[in-house]
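S.K.: The following file, query.cif, comprises mmCIF, N, CA and C atoms:
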data_query
loop_
_atom_site.label_atom_id
_atom_site.label_comp_id
_atom_site.auth_asym_id
_atom_site.auth_seq_id
_atom_site.Cartn_x
_atom_site.Cartn_y
_atom_site.Cartn_z
N MET M 351 20.80 3.64 21.60
CA MET M 351 20.86 2.53 20.65
C MET M 351 19.45 2.08 20.34
N PRO M 352 19.12 1.94 19.06
CA PRO M 352 17.75 1.56 18.71
C PRO M 352 17.43 0.13 19.14
N ASN M 353 16.16 -0.07 19.45
CA ASN M 353 15.71 -1.43 19.72
C ASN M 353 15.71 -2.21 18.42
N THR M 354 15.99 -3.47 18.50
CA THR M 354 15.98 -4.31 17.32
C THR M 354 14.77 -5.23 17.43
N ALA M 355 14.08 -5.41 16.33
CA ALA M 355 12.95 -6.33 16.33
C ALA M 355 13.42 -7.68 16.88
N ALA M 356 12.63 -8.27 17.77
CA ALA M 356 13.03 -9.50 18.46
C ALA M 356 13.46 -10.60 17.50
N ASP M 357 12.75 -10.75 16.39
CA ASP M 357 13.09 -11.81 15.44
C ASP M 357 14.00 -11.30 14.33
N GLY M 358 14.38 -10.01 14.39
CA GLY M 358 15.25 -9.44 13.36
C GLY M 358 14.50 -9.02 12.12
N GLY M 359 13.22 -9.38 12.02
CA GLY M 359 12.44 -9.03 10.84
C GLY M 359 11.97 -7.59 10.86
N ILE M 360 11.74 -7.05 9.69
CA ILE M 360 11.29 -5.68 9.54
C ILE M 360 9.80 -5.69 9.27
N ARG M 361 9.08 -4.85 10.00
CA ARG M 361 7.63 -4.78 9.85
C ARG M 361 7.21 -3.38 9.42
N PRO M 362 6.01 -3.24 8.83
CA PRO M 362 5.53 -1.91 8.46
C PRO M 362 5.56 -0.98 9.67
N GLY M 363 6.01 0.24 9.46
CA GLY M 363 6.10 1.23 10.53
C GLY M 363 7.45 1.27 11.23
N ASP M 364 8.28 0.24 11.05
CA ASP M 364 9.61 0.23 11.67
C ASP M 364 10.51 1.25 10.99
N ARG M 365 11.41 1.85 11.76
CA ARG M 365 12.44 2.75 11.21
C ARG M 365 13.69 1.90 10.95
N VAL M 366 14.14 1.92 9.71
CA VAL M 366 15.24 1.06 9.29
C VAL M 366 16.43 1.92 8.87
N ARG M 367 17.59 1.62 9.44
CA ARG M 367 18.82 2.32 9.04
C ARG M 367 19.59 1.41 8.09
N ILE M 368 19.88 1.95 6.90
CA ILE M 368 20.61 1.17 5.89
C ILE M 368 21.86 1.94 5.47
N ARG M 369 22.84 1.19 5.02
CA ARG M 369 23.99 1.75 4.31
C ARG M 369 23.86 1.22 2.89
N TYR M 370 23.90 2.11 1.90
CA TYR M 370 23.66 1.67 0.54
C TYR M 370 24.69 2.24 -0.42
N GLN M 371 24.79 1.55 -1.54
CA GLN M 371 25.65 1.99 -2.63
C GLN M 371 24.85 1.84 -3.92
N LEU M 372 24.86 2.88 -4.74
CA LEU M 372 24.24 2.83 -6.06
C LEU M 372 25.36 2.77 -7.09
N ARG M 373 25.22 1.84 -8.04
CA ARG M 373 26.18 1.74 -9.14
C ARG M 373 25.41 1.65 -10.44
N ASN M 374 26.06 2.11 -11.52
CA ASN M 374 25.46 1.90 -12.83
C ASN M 374 25.83 0.50 -13.30
N LEU M 375 25.34 0.10 -14.46
CA LEU M 375 25.60 -1.26 -14.93
C LEU M 375 27.04 -1.48 -15.34
N ALA M 376 27.83 -0.41 -15.45
CA ALA M 376 29.27 -0.53 -15.72
C ALA M 376 30.04 -0.65 -14.40
N ALA M 377 29.31 -0.78 -13.28
CA ALA M 377 29.87 -0.97 -11.94
C ALA M 377 30.55 0.28 -11.37
N GLU M 378 30.27 1.45 -11.95
CA GLU M 378 30.81 2.70 -11.41
C GLU M 378 29.95 3.13 -10.23
N THR M 379 30.57 3.44 -9.10
CA THR M 379 29.83 3.89 -7.93
C THR M 379 29.33 5.31 -8.15
N LEU M 380 28.02 5.50 -7.98
CA LEU M 380 27.39 6.80 -8.18
C LEU M 380 27.05 7.46 -6.85
N GLU M 381 26.77 6.65 -5.85
CA GLU M 381 26.39 7.18 -4.53
C GLU M 381 26.71 6.12 -3.49
N ASN M 382 27.17 6.58 -2.34
CA ASN M 382 27.51 5.70 -1.23
C ASN M 382 27.11 6.44 0.03
N SER M 383 26.08 5.98 0.74
CA SER M 383 25.54 6.78 1.84
C SER M 383 24.80 5.91 2.84
N GLU M 384 24.35 6.55 3.92
CA GLU M 384 23.47 5.91 4.90
C GLU M 384 22.15 6.66 4.91
N LEU M 385 21.09 5.95 5.30
CA LEU M 385 19.76 6.53 5.28
C LEU M 385 18.91 5.82 6.32
N THR M 386 18.06 6.57 7.01
CA THR M 386 17.05 5.98 7.89
C THR M 386 15.71 6.23 7.24
N LEU M 387 14.91 5.17 7.12
CA LEU M 387 13.62 5.29 6.44
C LEU M 387 12.59 4.37 7.08
N VAL M 388 11.34 4.64 6.77
CA VAL M 388 10.23 3.78 7.16
C VAL M 388 9.71 3.18 5.86
N PRO M 389 9.90 1.86 5.66
CA PRO M 389 9.44 1.25 4.41
C PRO M 389 7.97 1.56 4.12
N GLY M 390 7.72 1.97 2.88
CA GLY M 390 6.36 2.28 2.46
C GLY M 390 6.05 3.77 2.47
N GLU M 391 6.92 4.59 3.07
CA GLU M 391 6.67 6.03 3.12
C GLU M 391 7.17 6.76 1.89
N GLY M 392 7.89 6.08 1.00
CA GLY M 392 8.33 6.71 -0.23
C GLY M 392 9.61 7.51 -0.12
N THR M 393 10.43 7.22 0.86
CA THR M 393 11.69 7.93 1.03
C THR M 393 12.74 7.47 0.02
N PHE M 394 12.67 6.20 -0.36
CA PHE M 394 13.68 5.60 -1.22
C PHE M 394 12.96 4.93 -2.39
N PHE M 395 13.66 4.15 -3.16
CA PHE M 395 13.04 3.48 -4.30
C PHE M 395 11.96 2.51 -3.80
N PRO M 396 10.75 2.55 -4.37
CA PRO M 396 9.67 1.67 -3.90
C PRO M 396 10.03 0.19 -3.87
N LEU M 397 10.73 -0.31 -4.89
CA LEU M 397 11.09 -1.73 -4.90
C LEU M 397 12.01 -2.07 -3.73
N VAL M 398 12.93 -1.19 -3.42
CA VAL M 398 13.84 -1.43 -2.29
C VAL M 398 13.05 -1.42 -0.98
N GLU M 399 12.17 -0.44 -0.82
CA GLU M 399 11.36 -0.39 0.40
C GLU M 399 10.51 -1.65 0.55
N GLN M 400 9.96 -2.14 -0.54
CA GLN M 400 9.16 -3.36 -0.51
C GLN M 400 10.02 -4.56 -0.10
N GLN M 401 11.21 -4.65 -0.64
CA GLN M 401 12.11 -5.78 -0.32
C GLN M 401 12.58 -5.73 1.13
N LEU M 402 12.67 -4.54 1.71
CA LEU M 402 13.07 -4.45 3.12
C LEU M 402 12.10 -5.19 4.03
N LEU M 403 10.83 -5.22 3.64
CA LEU M 403 9.82 -5.89 4.47
C LEU M 403 9.95 -7.41 4.45
N THR M 404 10.84 -7.94 3.63
CA THR M 404 11.08 -9.38 3.61
C THR M 404 12.48 -9.70 4.15
N ALA M 405 13.16 -8.68 4.69
CA ALA M 405 14.56 -8.85 5.10
C ALA M 405 14.70 -8.77 6.62
N ARG M 406 15.94 -8.97 7.07
CA ARG M 406 16.26 -8.95 8.50
C ARG M 406 17.47 -8.07 8.76
N VAL M 407 17.59 -7.64 10.01
CA VAL M 407 18.76 -6.88 10.44
C VAL M 407 20.03 -7.68 10.13
N GLY M 408 21.03 -7.00 9.60
CA GLY M 408 22.30 -7.65 9.29
C GLY M 408 22.36 -8.23 7.89
N GLN M 409 21.24 -8.28 7.22
CA GLN M 409 21.19 -8.85 5.88
C GLN M 409 21.69 -7.85 4.85
N ARG M 410 22.28 -8.36 3.78
CA ARG M 410 22.70 -7.54 2.64
C ARG M 410 21.78 -7.88 1.48
N LEU M 411 21.28 -6.83 0.82
CA LEU M 411 20.45 -7.00 -0.37
C LEU M 411 21.18 -6.40 -1.56
N CYS M 412 21.02 -7.02 -2.70
CA CYS M 412 21.57 -6.48 -3.94
C CYS M 412 20.47 -6.58 -4.98
N LEU M 413 19.99 -5.43 -5.43
CA LEU M 413 18.87 -5.38 -6.37
C LEU M 413 19.27 -4.62 -7.62
N THR M 414 18.87 -5.12 -8.77
CA THR M 414 19.04 -4.38 -10.01
C THR M 414 17.72 -3.70 -10.31
N LEU M 415 17.78 -2.38 -10.41
CA LEU M 415 16.57 -1.59 -10.66
C LEU M 415 16.56 -1.14 -12.11
N SER M 416 15.46 -1.38 -12.79
CA SER M 416 15.31 -0.84 -14.14
C SER M 416 15.23 0.67 -14.04
N ALA M 417 15.40 1.35 -15.14
CA ALA M 417 15.29 2.80 -15.15
C ALA M 417 13.94 3.22 -14.55
N GLU M 418 12.88 2.54 -14.92
CA GLU M 418 11.55 2.87 -14.41
C GLU M 418 11.46 2.68 -12.90
N GLN M 419 12.13 1.66 -12.35
CA GLN M 419 12.10 1.40 -10.91
C GLN M 419 13.03 2.35 -10.15
N ALA M 420 13.95 2.98 -10.84
CA ALA M 420 14.90 3.90 -10.20
C ALA M 420 14.37 5.33 -10.32
N TYR M 421 14.95 6.12 -11.20
CA TYR M 421 14.55 7.52 -11.34
C TYR M 421 13.63 7.76 -12.54
N GLY M 422 13.15 6.70 -13.15
CA GLY M 422 12.23 6.84 -14.27
C GLY M 422 12.96 6.97 -15.59
N GLU M 423 12.18 6.85 -16.65
CA GLU M 423 12.74 7.04 -18.00
C GLU M 423 12.95 8.53 -18.24
N ARG M 424 13.84 8.84 -19.15
CA ARG M 424 14.02 10.25 -19.54
C ARG M 424 12.74 10.74 -20.21
N ASP M 425 12.37 11.95 -19.90
CA ASP M 425 11.19 12.58 -20.47
C ASP M 425 11.65 13.79 -21.27
N GLU M 426 11.59 13.69 -22.57
CA GLU M 426 12.06 14.80 -23.42
C GLU M 426 11.26 16.08 -23.19
N GLN M 427 10.02 15.94 -22.69
CA GLN M 427 9.22 17.13 -22.39
C GLN M 427 9.73 17.86 -21.15
N ALA M 428 10.65 17.21 -20.40
CA ALA M 428 11.24 17.86 -19.23
C ALA M 428 12.43 18.73 -19.62
N CYS M 429 12.74 18.78 -20.91
CA CYS M 429 13.75 19.70 -21.43
C CYS M 429 13.00 20.91 -21.96
N MET M 430 13.32 22.08 -21.41
CA MET M 430 12.56 23.28 -21.75
C MET M 430 13.49 24.42 -22.17
N ILE M 431 12.97 25.23 -23.04
CA ILE M 431 13.69 26.45 -23.43
C ILE M 431 13.02 27.61 -22.71
N LEU M 432 13.81 28.30 -21.90
CA LEU M 432 13.31 29.40 -21.08
C LEU M 432 13.97 30.70 -21.50
N ALA M 433 13.23 31.79 -21.33
CA ALA M 433 13.78 33.11 -21.66
C ALA M 433 14.94 33.43 -20.74
N ARG M 434 16.01 33.93 -21.31
CA ARG M 434 17.21 34.26 -20.54
C ARG M 434 16.88 35.25 -19.42
N ARG M 435 15.91 36.13 -19.63
CA ARG M 435 15.56 37.14 -18.63
C ARG M 435 14.97 36.53 -17.35
N GLN M 436 14.56 35.23 -17.40
CA GLN M 436 14.04 34.56 -16.21
C GLN M 436 15.14 34.22 -15.21
N PHE M 437 16.39 34.37 -15.61
CA PHE M 437 17.52 34.00 -14.77
C PHE M 437 18.15 35.25 -14.17
N ASP M 438 18.45 35.18 -12.91
CA ASP M 438 19.12 36.28 -12.21
C ASP M 438 20.41 36.60 -12.94
N SER M 439 20.67 37.86 -13.18
CA SER M 439 21.86 38.28 -13.93
C SER M 439 23.15 37.91 -13.21
N GLN M 440 23.08 37.62 -11.92
CA GLN M 440 24.27 37.24 -11.17
C GLN M 440 24.63 35.76 -11.36
N TRP M 441 23.72 34.97 -11.91
CA TRP M 441 24.00 33.55 -12.13
C TRP M 441 25.02 33.40 -13.25
N THR M 442 25.93 32.49 -13.06
CA THR M 442 26.85 32.12 -14.13
C THR M 442 26.21 30.94 -14.84
N LEU M 443 25.85 31.13 -16.08
CA LEU M 443 25.19 30.08 -16.85
C LEU M 443 26.14 29.56 -17.91
N ASP M 444 26.41 28.28 -17.84
CA ASP M 444 27.22 27.58 -18.83
C ASP M 444 26.59 26.22 -19.04
N PRO M 445 26.80 25.61 -20.21
CA PRO M 445 26.32 24.23 -20.37
C PRO M 445 26.89 23.35 -19.25
N GLY M 446 26.00 22.57 -18.63
CA GLY M 446 26.40 21.73 -17.51
C GLY M 446 26.09 22.33 -16.15
N SER M 447 25.84 23.65 -16.09
CA SER M 447 25.50 24.31 -14.82
C SER M 447 24.18 23.76 -14.29
N ILE M 448 24.07 23.68 -12.97
CA ILE M 448 22.83 23.28 -12.33
C ILE M 448 22.13 24.55 -11.84
N VAL M 449 20.85 24.67 -12.18
CA VAL M 449 20.05 25.83 -11.76
C VAL M 449 18.87 25.32 -10.95
N SER M 450 18.37 26.14 -10.05
CA SER M 450 17.27 25.75 -9.18
C SER M 450 16.18 26.80 -9.25
N PHE M 451 14.93 26.34 -9.27
CA PHE M 451 13.78 27.22 -9.34
C PHE M 451 12.82 26.89 -8.21
N SER M 452 12.20 27.91 -7.64
CA SER M 452 11.17 27.72 -6.63
C SER M 452 9.82 27.60 -7.34
N LEU M 453 9.06 26.58 -6.96
CA LEU M 453 7.73 26.39 -7.52
C LEU M 453 6.71 27.11 -6.65
N PRO M 454 5.51 27.38 -7.18
CA PRO M 454 4.49 28.11 -6.41
C PRO M 454 4.18 27.49 -5.04
N GLY M 455 4.25 26.17 -4.91
CA GLY M 455 3.95 25.51 -3.64
C GLY M 455 5.10 25.54 -2.65
N GLY M 456 6.24 26.13 -3.05
CA GLY M 456 7.38 26.21 -2.15
C GLY M 456 8.46 25.17 -2.42
N ASP M 457 8.13 24.14 -3.22
CA ASP M 457 9.13 23.14 -3.56
C ASP M 457 10.15 23.74 -4.50
N GLU M 458 11.31 23.11 -4.56
CA GLU M 458 12.35 23.55 -5.49
C GLU M 458 12.59 22.45 -6.50
N VAL M 459 12.92 22.85 -7.71
CA VAL M 459 13.24 21.91 -8.77
C VAL M 459 14.56 22.34 -9.39
N ALA M 460 15.42 21.36 -9.63
CA ALA M 460 16.74 21.65 -10.21
C ALA M 460 16.77 21.15 -11.64
N GLY M 461 17.57 21.81 -12.43
CA GLY M 461 17.76 21.40 -13.82
C GLY M 461 19.18 21.68 -14.25
N GLN M 462 19.57 21.04 -15.34
CA GLN M 462 20.92 21.23 -15.88
C GLN M 462 20.83 22.01 -17.18
N VAL M 463 21.66 23.04 -17.29
CA VAL M 463 21.71 23.84 -18.51
C VAL M 463 22.33 23.00 -19.62
N LEU M 464 21.61 22.87 -20.74
CA LEU M 464 22.12 22.12 -21.88
C LEU M 464 22.81 23.03 -22.89
N SER M 465 22.15 24.15 -23.17
CA SER M 465 22.71 25.12 -24.13
C SER M 465 22.07 26.47 -23.86
N LEU M 466 22.65 27.53 -24.41
CA LEU M 466 22.11 28.85 -24.20
C LEU M 466 22.66 29.82 -25.24
N ASN M 467 21.96 30.94 -25.36
CA ASN M 467 22.45 32.07 -26.14
C ASN M 467 22.00 33.34 -25.43
N ASP M 468 22.03 34.48 -26.08
CA ASP M 468 21.67 35.74 -25.43
C ASP M 468 20.17 35.84 -25.11
N ASP M 469 19.35 35.05 -25.80
CA ASP M 469 17.90 35.15 -25.63
C ASP M 469 17.26 34.02 -24.83
N TRP M 470 17.84 32.84 -24.85
CA TRP M 470 17.20 31.69 -24.22
C TRP M 470 18.23 30.76 -23.57
N VAL M 471 17.68 29.90 -22.68
CA VAL M 471 18.48 28.87 -21.99
C VAL M 471 17.70 27.57 -22.09
N GLU M 472 18.34 26.53 -22.57
CA GLU M 472 17.71 25.20 -22.62
C GLU M 472 18.11 24.45 -21.35
N VAL M 473 17.08 24.01 -20.58
CA VAL M 473 17.30 23.36 -19.29
C VAL M 473 16.65 21.98 -19.29
N ASP M 474 17.39 21.00 -18.79
CA ASP M 474 16.90 19.62 -18.66
C ASP M 474 16.51 19.40 -17.20
N PHE M 475 15.22 19.17 -16.95
CA PHE M 475 14.73 18.96 -15.59
C PHE M 475 14.62 17.48 -15.22
N ASN M 476 15.09 16.58 -16.06
CA ASN M 476 15.15 15.16 -15.71
C ASN M 476 16.17 14.96 -14.59
N HIS M 477 15.96 13.95 -13.77
CA HIS M 477 16.99 13.58 -12.79
C HIS M 477 18.22 13.16 -13.59
N PRO M 478 19.43 13.48 -13.14
CA PRO M 478 20.63 13.11 -13.89
C PRO M 478 20.76 11.61 -14.16
N LEU M 479 20.14 10.77 -13.33
CA LEU M 479 20.22 9.32 -13.54
C LEU M 479 18.97 8.75 -14.22
N ALA M 480 18.07 9.61 -14.66
CA ALA M 480 16.88 9.14 -15.37
C ALA M 480 17.30 8.37 -16.62
N GLY M 481 16.59 7.31 -16.90
CA GLY M 481 16.88 6.51 -18.09
C GLY M 481 17.94 5.45 -17.86
N GLN M 482 18.49 5.37 -16.66
CA GLN M 482 19.55 4.39 -16.38
C GLN M 482 19.06 3.31 -15.43
N SER M 483 19.43 2.08 -15.72
CA SER M 483 19.25 1.00 -14.75
C SER M 483 20.35 1.12 -13.72
N LEU M 484 20.05 0.77 -12.48
CA LEU M 484 21.01 0.91 -11.39
C LEU M 484 21.09 -0.36 -10.56
N ILE M 485 22.22 -0.57 -9.94
CA ILE M 485 22.41 -1.65 -8.98
C ILE M 485 22.41 -0.99 -7.60
N CYS M 486 21.54 -1.47 -6.72
CA CYS M 486 21.45 -0.95 -5.36
C CYS M 486 21.86 -2.07 -4.41
N GLU M 487 22.98 -1.89 -3.76
CA GLU M 487 23.45 -2.86 -2.77
C GLU M 487 23.33 -2.19 -1.42
N LEU M 488 22.70 -2.89 -0.46
CA LEU M 488 22.51 -2.26 0.84
C LEU M 488 22.66 -3.26 1.97
N ASP M 489 23.11 -2.72 3.10
CA ASP M 489 23.22 -3.48 4.34
C ASP M 489 22.19 -2.91 5.31
N ILE M 490 21.44 -3.80 5.97
CA ILE M 490 20.47 -3.37 6.96
C ILE M 490 21.20 -3.28 8.30
N MET M 491 21.39 -2.05 8.76
CA MET M 491 22.21 -1.80 9.94
C MET M 491 21.43 -2.00 11.24
N SER M 492 20.22 -1.45 11.31
CA SER M 492 19.43 -1.56 12.54
C SER M 492 17.97 -1.30 12.23
N VAL M 493 17.14 -1.73 13.16
CA VAL M 493 15.70 -1.52 13.03
C VAL M 493 15.18 -1.02 14.38
N GLU M 494 14.43 0.07 14.33
CA GLU M 494 13.76 0.60 15.51
C GLU M 494 12.30 0.21 15.34
N THR M 495 11.82 -0.64 16.23
CA THR M 495 10.46 -1.16 16.07
C THR M 495 9.42 -0.09 16.32
N ASN M 496 8.30 -0.21 15.61
CA ASN M 496 7.15 0.66 15.79
C ASN M 496 6.36 0.11 16.96
N LYS M 497 6.26 0.89 18.00
CA LYS M 497 5.57 0.39 19.21
C LYS M 497 4.14 0.83 19.25
#
Represent the supplied structure as structure tokens.
M.R.:
Amino acid sequence: MPNTAADGGIRPGDRVRIRYQLRNLAAETLENSELTLVPGEGTFFPLVEQQLLTARVGQRLCLTLSAEQAYGERDEQACMILARRQFDSQWTLDPGSIVSFSLPGGDEVAGQVLSLNDDWVEVDFNHPLAGQSLICELDIMSVETNK
């Protein structure tokens, strides 16, 4: 069982376990999960991590994040037309399919197929929630203090 900060407050370097729910502005649940993070390390939305440093164990936070504070605005330059030959012939490509590419540094990037023909595939590399404001409701479950 993790140690809890004596005063219940969260300090820089503490490991914080949260249960969170993301909803769009129409109140549709998009994600419901648990996460352990260290505020300030960039694991979650920066505004949420910043607000955790003013909160206590057992507290519930509800924040409305602008598109910029969440996954960013949509970037039309992140929609690209790629040669069909760049795709493995075993892939099933249809509009709406998710495709993944390995970058030179070893990272992977995913995109959604928008349209295609025999010569090219149009892929959107924006995050699916880019351009949307979100409601983030979270419960602070526990804090493991940084010793």
S.K.: When DSSP is applied to the backbone of this structure, which of range 376-490 of chain M are assigned helix (DSSP H, G or I)? Write them out as an MDAnalysis selection string.
M.R.: chainID M and resid 396:402 426:428 434:436
S.K.: Which residues are close to range 460-475 of chain M, i.e. within 10 Å by only C-alpha atoms, leaving aside same-chain residues fewer than 5 positions away? Reply as a short mmCIF file (atom, residue, chain, number, x, y, z; two decimals) with N, CA and C atoms, keeping the file's coordinate frame.
M.R.:
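Result file is out07.cif:
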data_model
loop_
_atom_site.label_atom_id
_atom_site.label_comp_id
_atom_site.auth_asym_id
_atom_site.auth_seq_id
_atom_site.Cartn_x
_atom_site.Cartn_y
_atom_site.Cartn_z
N ARG M 424 13.84 8.84 -19.15
CA ARG M 424 14.02 10.25 -19.54
C ARG M 424 12.74 10.74 -20.21
N ASP M 425 12.37 11.95 -19.90
CA ASP M 425 11.19 12.58 -20.47
C ASP M 425 11.65 13.79 -21.27
N GLU M 426 11.59 13.69 -22.57
CA GLU M 426 12.06 14.80 -23.42
C GLU M 426 11.26 16.08 -23.19
N GLN M 427 10.02 15.94 -22.69
CA GLN M 427 9.22 17.13 -22.39
C GLN M 427 9.73 17.86 -21.15
N ALA M 428 10.65 17.21 -20.40
CA ALA M 428 11.24 17.86 -19.23
C ALA M 428 12.43 18.73 -19.62
N CYS M 429 12.74 18.78 -20.91
CA CYS M 429 13.75 19.70 -21.43
C CYS M 429 13.00 20.91 -21.96
N MET M 430 13.32 22.08 -21.41
CA MET M 430 12.56 23.28 -21.75
C MET M 430 13.49 24.42 -22.17
N ILE M 431 12.97 25.23 -23.04
CA ILE M 431 13.69 26.45 -23.43
C ILE M 431 13.02 27.61 -22.71
N LEU M 432 13.81 28.30 -21.90
CA LEU M 432 13.31 29.40 -21.08
C LEU M 432 13.97 30.70 -21.50
N ALA M 433 13.23 31.79 -21.33
CA ALA M 433 13.78 33.11 -21.66
C ALA M 433 14.94 33.43 -20.74
N ARG M 434 16.01 33.93 -21.31
CA ARG M 434 17.21 34.26 -20.54
C ARG M 434 16.88 35.25 -19.42
N ARG M 435 15.91 36.13 -19.63
CA ARG M 435 15.56 37.14 -18.63
C ARG M 435 14.97 36.53 -17.35
N GLN M 436 14.56 35.23 -17.40
CA GLN M 436 14.04 34.56 -16.21
C GLN M 436 15.14 34.22 -15.21
N PHE M 437 16.39 34.37 -15.61
CA PHE M 437 17.52 34.00 -14.77
C PHE M 437 18.15 35.25 -14.17
N LEU M 443 25.85 31.13 -16.08
CA LEU M 443 25.19 30.08 -16.85
C LEU M 443 26.14 29.56 -17.91
N ASP M 444 26.41 28.28 -17.84
CA ASP M 444 27.22 27.58 -18.83
C ASP M 444 26.59 26.22 -19.04
N PRO M 445 26.80 25.61 -20.21
CA PRO M 445 26.32 24.23 -20.37
C PRO M 445 26.89 23.35 -19.25
N GLY M 446 26.00 22.57 -18.63
CA GLY M 446 26.40 21.73 -17.51
C GLY M 446 26.09 22.33 -16.15
N SER M 447 25.84 23.65 -16.09
CA SER M 447 25.50 24.31 -14.82
C SER M 447 24.18 23.76 -14.29
N ILE M 448 24.07 23.68 -12.97
CA ILE M 448 22.83 23.28 -12.33
C ILE M 448 22.13 24.55 -11.84
N VAL M 449 20.85 24.67 -12.18
CA VAL M 449 20.05 25.83 -11.76
C VAL M 449 18.87 25.32 -10.95
N SER M 450 18.37 26.14 -10.05
CA SER M 450 17.27 25.75 -9.18
C SER M 450 16.18 26.80 -9.25
N PHE M 451 14.93 26.34 -9.27
CA PHE M 451 13.78 27.22 -9.34
C PHE M 451 12.82 26.89 -8.21
N SER M 452 12.20 27.91 -7.64
CA SER M 452 11.17 27.72 -6.63
C SER M 452 9.82 27.60 -7.34
#
S.K.: Using CA of Asn382 in chain M and CA of Ser483 in chain M as the two end points, give the distance in Å to one decimal.
M.R.: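 Going from CA of Asn382 in chain M over to CA of Ser483 in chain M covers 16.5 Å.
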S.K.: Taking only C-alpha atoms into account, which of M:Cys486, M:Val388, M:Ile360, M:Leu372 comes nearest Thr404 in chain M?
M.R.: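 Of M:Cys486, M:Val388, M:Ile360, M:Leu372, the one nearest Thr404 in chain M is M:Ile360, counting only C-alpha atoms.
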S.K.: Nearest to Glu487 in chain M among M:Ile368, M:Pro362, M:Arg406, M:Leu413, with distances taken over only C-alpha atoms: which residue is it?
M.R.: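 The shortest atom-to-atom distance to Glu487 in chain M comes from M:Leu413.
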S.K.: Would you mind exporting range 440-467 of chain M with C-alpha atoms, as a CSV table (one decimal), in the first residue's frame?
M.R.:
chain,number,residue,atom,x,y,z
M,440,GLN,CA,-1.2,-7.8,-46.6
M,441,TRP,CA,-2.8,-4.7,-44.9
M,442,THR,CA,-6.5,-4.3,-45.4
M,443,LEU,CA,-7.0,-0.6,-46.2
M,444,ASP,CA,-10.4,1.0,-46.0
M,445,PRO,CA,-11.6,4.4,-45.1
M,446,GLY,CA,-11.5,4.5,-41.3
M,447,SER,CA,-8.8,1.9,-40.9
M,448,ILE,CA,-6.0,2.7,-38.5
M,449,VAL,CA,-2.4,2.3,-39.8
M,450,SER,CA,0.8,2.5,-37.9
M,451,PHE,CA,4.3,3.5,-39.1
M,452,SER,CA,7.7,3.2,-37.5
M,453,LEU,CA,9.7,6.4,-37.4
M,454,PRO,CA,13.5,6.5,-37.8
M,455,GLY,CA,14.0,7.0,-34.0
M,456,GLY,CA,12.0,3.9,-33.2
M,457,ASP,CA,8.8,5.7,-32.2
M,458,GLU,CA,5.5,4.7,-33.8
M,459,VAL,CA,2.9,7.0,-35.2
M,460,ALA,CA,-0.7,6.0,-36.0
M,461,GLY,CA,-3.0,7.5,-38.6
M,462,GLN,CA,-6.5,7.0,-39.9
M,463,VAL,CA,-7.2,6.2,-43.6
M,464,LEU,CA,-9.5,8.9,-45.0
M,465,SER,CA,-9.6,7.8,-48.6
M,466,LEU,CA,-7.7,5.7,-51.1
M,467,ASN,CA,-7.4,4.5,-54.7
